[in-house]
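Single-structure report; data block below.
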Amino acid sequence: ADTMRQQARVPVPQQQRRAIDEGAPPLISYVLPVYNEVAGIKRFHEELTAATATRAEFDYEFVYVNDGSSDGSLGVLKDVAKNDPRVRVMDFARNFGHQIAITAGLDHASGDAVIVMDTDLQDPPRVSLDLIDAWLDGAEIVSARRRTRRDTPFKRATAHTYYRVLRRCAEVDIPVDTGDFRLLDRRAAEELRGFRERSRFIRGMVASMGFEQREVLFDRDERVAGETKYPMRKMLRLAADGVTSFSTVPLKLITRIGFITLVLAMLGIVYAVALRLFFPAITVSGWTMLMVAMLFLGGLQMLSLGVIGSYVGRIYHEVQQRPLYIVRNVISHDED
Ligand code: UDP
Ligand code: MG
């Protein structure tokens, strides 16, 4: 069990990696999270294999992650695996959520490029070929960006607003209107495995890595079968994870409010004391003391919260344990 845990934490070891220069065709891995998709998963795999069959110059690997489905999806996946040796199925012991399922798949994908996509056919398999083309063209991370999407007006409106708000407050440049449908070059996938934070917002982590990133536009289809596995509750949690993982704006807001409160409190104190000194007749007895004490304490408390907040922010960054830096290549003098 220990070695398994170890394996999940570290990048895929050297000997497991494939080298294109060994003469083997490049391997494309697909990471495919599945949660209660029994009605559509077979058709998904058919469409995916039909799409990839048109590009026979690559080898493929399909890593399905069954995220604790309760509807017989696992049975269908086992069938799919029986008929297609390129399929691997990771079966979670319970539902851990979409972002964790993707993480597990990435940990176990060994391709020269790794493609993450939904399994409800909202991310059309043929679009993944466009991602591959952009990769062949030199991109290291290719995000599929929704030109249009066929979801409920409510989901479209909230998603539209959310991505733009997030973009404004996030510390990294998170592209708007992209989900987790993207291709990662092997190098980028390896680096992403180094991000082990628990509240995961993968699209943000990918954006923060750097590398040559590109976008491919596509029209997002309707779900073929079943209904969304992202109810309001899960959507809100993901949205909150996005903000808190990539922005300390809420914390900074407290600090700012602290300063403003303190300045206002000082003005209030000056006003109360001046009133007491110059117009003693109109001040109620005891009022000055009360005002001074209350404003002083209030201002001090808000400011202290801000100070604590800035430490909490730093602690938060520390516990996320993100890589300090990401090296694409080390260039030395004897290899051109
Ligand atoms: N999914 C998952 N675990 C979950 C929820 C969803 O693995 O807890 C998978 C699901 O099977 C699908 C993808 O994540 O392949 C996206 O989910 P969904 O289509 O329900 O989200 P939406 O497209 O409605 O945002
Ligand atoms: Mg979907």
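Chain labels follow the order of the structure tokens: the first chain is A, the next B, and so on; residue numbering restarts at 1 in every chain, and ligands are counted from 1 in their shown order.
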Report as CSV: every residue of chain A with an atom at most 6 Å from ligand 2, its closest pair of atoms, and their distance in Å to one decimal, counting only C-alpha atoms and all ligand atoms, with rows sorted by chain and ascending residue number.
residue,atom,partner,partner_atom_place_in_ligand_line,distance
A:Asp120,CA,ligand 2,1 (Mg),5.6
A:Gln122,CA,ligand 2,1 (Mg),5.4
A:Arg223,CA,ligand 2,1 (Mg),5.7
A:Thr228,CA,ligand 2,1 (Mg),5.8
Counting only C-alpha atoms and all ligand atoms, what are the residues of chain A within 7 Å of ligand 1, and for each of them which pair of atoms is the nearest and at what distance in Å, to one decimal? Sort the table by chain and rising number, as CSV.
residue,atom,partner,partner_atom_place_in_ligand_line,distance
A:Leu32,CA,ligand 1,15 (O),6.7
A:Pro33,CA,ligand 1,7 (O),4.2
A:Val34,CA,ligand 1,11 (O),3.7
A:Tyr35,CA,ligand 1,11 (O),3.8
A:Asn36,CA,ligand 1,11 (O),6.2
A:Glu37,CA,ligand 1,11 (O),5.8
A:Asn66,CA,ligand 1,7 (O),6.8
A:Asp67,CA,ligand 1,7 (O),5.0
A:Asn95,CA,ligand 1,8 (O),6.0
A:Phe96,CA,ligand 1,8 (O),6.3
A:Gly97,CA,ligand 1,8 (O),3.6
A:His98,CA,ligand 1,3 (N),3.7
A:Ala101,CA,ligand 1,7 (O),5.6
A:Asp118,CA,ligand 1,15 (O),3.7
A:Thr119,CA,ligand 1,15 (O),3.9
A:Asp120,CA,ligand 1,15 (O),5.3
A:Gln122,CA,ligand 1,23 (O),6.6
A:Arg223,CA,ligand 1,19 (O),6.9
A:Glu227,CA,ligand 1,20 (O),6.6
A:Thr228,CA,ligand 1,20 (O),3.5
A:Lys229,CA,ligand 1,20 (O),3.2
A:Tyr230,CA,ligand 1,20 (O),4.8
request  = as an MDAnalysis selection string, please: all residues of segment 100-261 of chain A that backbone DSSP puts in helix (DSSP H, G or I).
outcome  = chainID A and resid 100:108 125:136 153:169 186:193 202:208 232:246 249:261
7 Å contact set for Arg86 of chain A, only C-alpha atoms, chain neighbours under 5 positions out, as an mmCIF file with N, CA and C atoms, in the first residue's frame:
data_model
loop_
_atom_site.group_PDB
_atom_site.id
_atom_site.type_symbol
_atom_site.label_atom_id
_atom_site.label_comp_id
_atom_site.auth_asym_id
_atom_site.auth_seq_id
_atom_site.Cartn_x
_atom_site.Cartn_y
_atom_site.Cartn_z
ATOM 1 N N TYR A 60 -2.740 4.764 -28.816
ATOM 2 C CA TYR A 60 -3.669 5.377 -27.865
ATOM 3 C C TYR A 60 -3.786 4.568 -26.598
ATOM 4 N N GLU A 61 -4.168 5.280 -25.545
ATOM 5 C CA GLU A 61 -4.416 4.655 -24.263
ATOM 6 C C GLU A 61 -5.626 5.386 -23.681
ATOM 7 N N PHE A 62 -6.619 4.644 -23.235
ATOM 8 C CA PHE A 62 -7.832 5.272 -22.706
ATOM 9 C C PHE A 62 -7.957 4.946 -21.224
#
Residue nearest Ile326 of chain A among A:Val114, A:Leu74, A:Met209, A:Val89 (counting only C-alpha atoms) = A:Met209
Excluding Ala225 of chain A and any residue of its chain fewer than 4 positions from it, enumerate the residues within 10 Å of it, using only C-alpha atoms, and give them as a PDB file with C-alpha atoms, in the first residue's frame.
ATOM      1  CA  GLU A  37     -22.932   7.643 -17.266  1.00  0.00           C
ATOM      2  CA  VAL A  38     -24.382   4.174 -17.895  1.00  0.00           C
ATOM      3  CA  ALA A  39     -26.668   5.322 -20.702  1.00  0.00           C
ATOM      4  CA  GLY A  40     -24.055   7.125 -22.745  1.00  0.00           C
ATOM      5  CA  ILE A  41     -20.667   5.646 -22.027  1.00  0.00           C
ATOM      6  CA  ARG A  43     -21.607   5.372 -27.375  1.00  0.00           C
ATOM      7  CA  ASP A 120     -21.007  12.588 -21.729  1.00  0.00           C
ATOM      8  CA  LEU A 121     -20.177  13.656 -25.293  1.00  0.00           C
TER       9      LEU A 121
END
message = Env of Arg214 of chain A: 9 Å cut, atoms = only C-alpha atoms, seq-sep filter 4 positions within chain, self excluded. Answer as a PyMOL selection string.
response = chain A and resi 134-135+139-144
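Across A:Ser199, A:Ile282, A:Ala207, A:Glu215, the tightest approach to Gly242 of chain A is made by A:Ser199 when counting only C-alpha atoms.
The two atoms in question, atom CA of Met266 of chain A and atom CA of Val312 of chain A, are spaced 26.7 Å apart.
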Proximity check segment 93-161 of chain A to segment 176-181 of chain A, 8 Å, nearest pairs one decimal Å, only C-alpha atoms, as JSON lines:
{"residue": "A:Ile115", "atom": "CA", "partner": "A:Phe181", "partner_atom": "CA", "distance": 7.3}
{"residue": "A:Val116", "atom": "CA", "partner": "A:Phe181", "partner_atom": "CA", "distance": 5.3}
{"residue": "A:Met117", "atom": "CA", "partner": "A:Phe181", "partner_atom": "CA", "distance": 4.6}
{"residue": "A:Asp118", "atom": "CA", "partner": "A:Phe181", "partner_atom": "CA", "distance": 7.1}
{"residue": "A:Asp123", "atom": "CA", "partner": "A:Phe181", "partner_atom": "CA", "distance": 7.0}
{"residue": "A:Ser143", "atom": "CA", "partner": "A:Phe181", "partner_atom": "CA", "distance": 6.4}
{"residue": "A:Ala144", "atom": "CA", "partner": "A:Phe181", "partner_atom": "CA", "distance": 5.7}
{"residue": "A:Arg145", "atom": "CA", "partner": "A:Thr178", "partner_atom": "CA", "distance": 4.6}
{"residue": "A:Arg146", "atom": "CA", "partner": "A:Asp177", "partner_atom": "CA", "distance": 5.7}
{"residue": "A:Arg147", "atom": "CA", "partner": "A:Asp177", "partner_atom": "CA", "distance": 7.9}
{"residue": "A:Ala159", "atom": "CA", "partner": "A:Asp177", "partner_atom": "CA", "distance": 7.7}
{"residue": "A:His160", "atom": "CA", "partner": "A:Asp177", "partner_atom": "CA", "distance": 7.0}
Write a file of the selected residues as a PDB file, in the first residue's frame, keeping C-alpha atoms.
ATOM      1  CA  ILE A 115      -6.063  14.634 -23.198  1.00  0.00           C
ATOM      2  CA  VAL A 116      -8.652  15.205 -20.475  1.00  0.00           C
ATOM      3  CA  MET A 117     -12.288  15.195 -21.520  1.00  0.00           C
ATOM      4  CA  ASP A 118     -15.820  14.570 -20.209  1.00  0.00           C
ATOM      5  CA  ASP A 123     -16.800  17.500 -25.314  1.00  0.00           C
ATOM      6  CA  SER A 143      -7.326  24.261 -24.067  1.00  0.00           C
ATOM      7  CA  ALA A 144     -10.623  23.677 -25.804  1.00  0.00           C
ATOM      8  CA  ARG A 145     -12.604  26.871 -25.451  1.00  0.00           C
ATOM      9  CA  ARG A 146     -16.365  26.877 -25.815  1.00  0.00           C
ATOM     10  CA  ARG A 147     -17.530  29.132 -28.591  1.00  0.00           C
ATOM     11  CA  ALA A 159     -20.748  30.238 -15.976  1.00  0.00           C
ATOM     12  CA  HIS A 160     -20.266  33.294 -18.194  1.00  0.00           C
TER      13      HIS A 160
END
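The nearest approach to Val87 of chain A among the residues A:Tyr64, A:Phe259, A:Phe44, A:Phe278, with only C-alpha atoms taken into account, belongs to A:Tyr64.
You can rank A:Pro231, A:Ala53, A:Gln99, A:Gly138 by their closest distance to Ile202 of chain A using only C-alpha atoms, and at the top of that list sits A:Gln99.
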key: Near-Ile257 of chain A list (12 Å; only C-alpha atoms; drop same-chain fewer than 6 positions) as a ChimeraX atom specification   = /A:250-251,263-265,298-307,309
query = Between atom CA of Thr244 of chain A and atom CA of Ala170 of chain A, what is the distance, to one decimal in Å?
reply = 8.8 Å
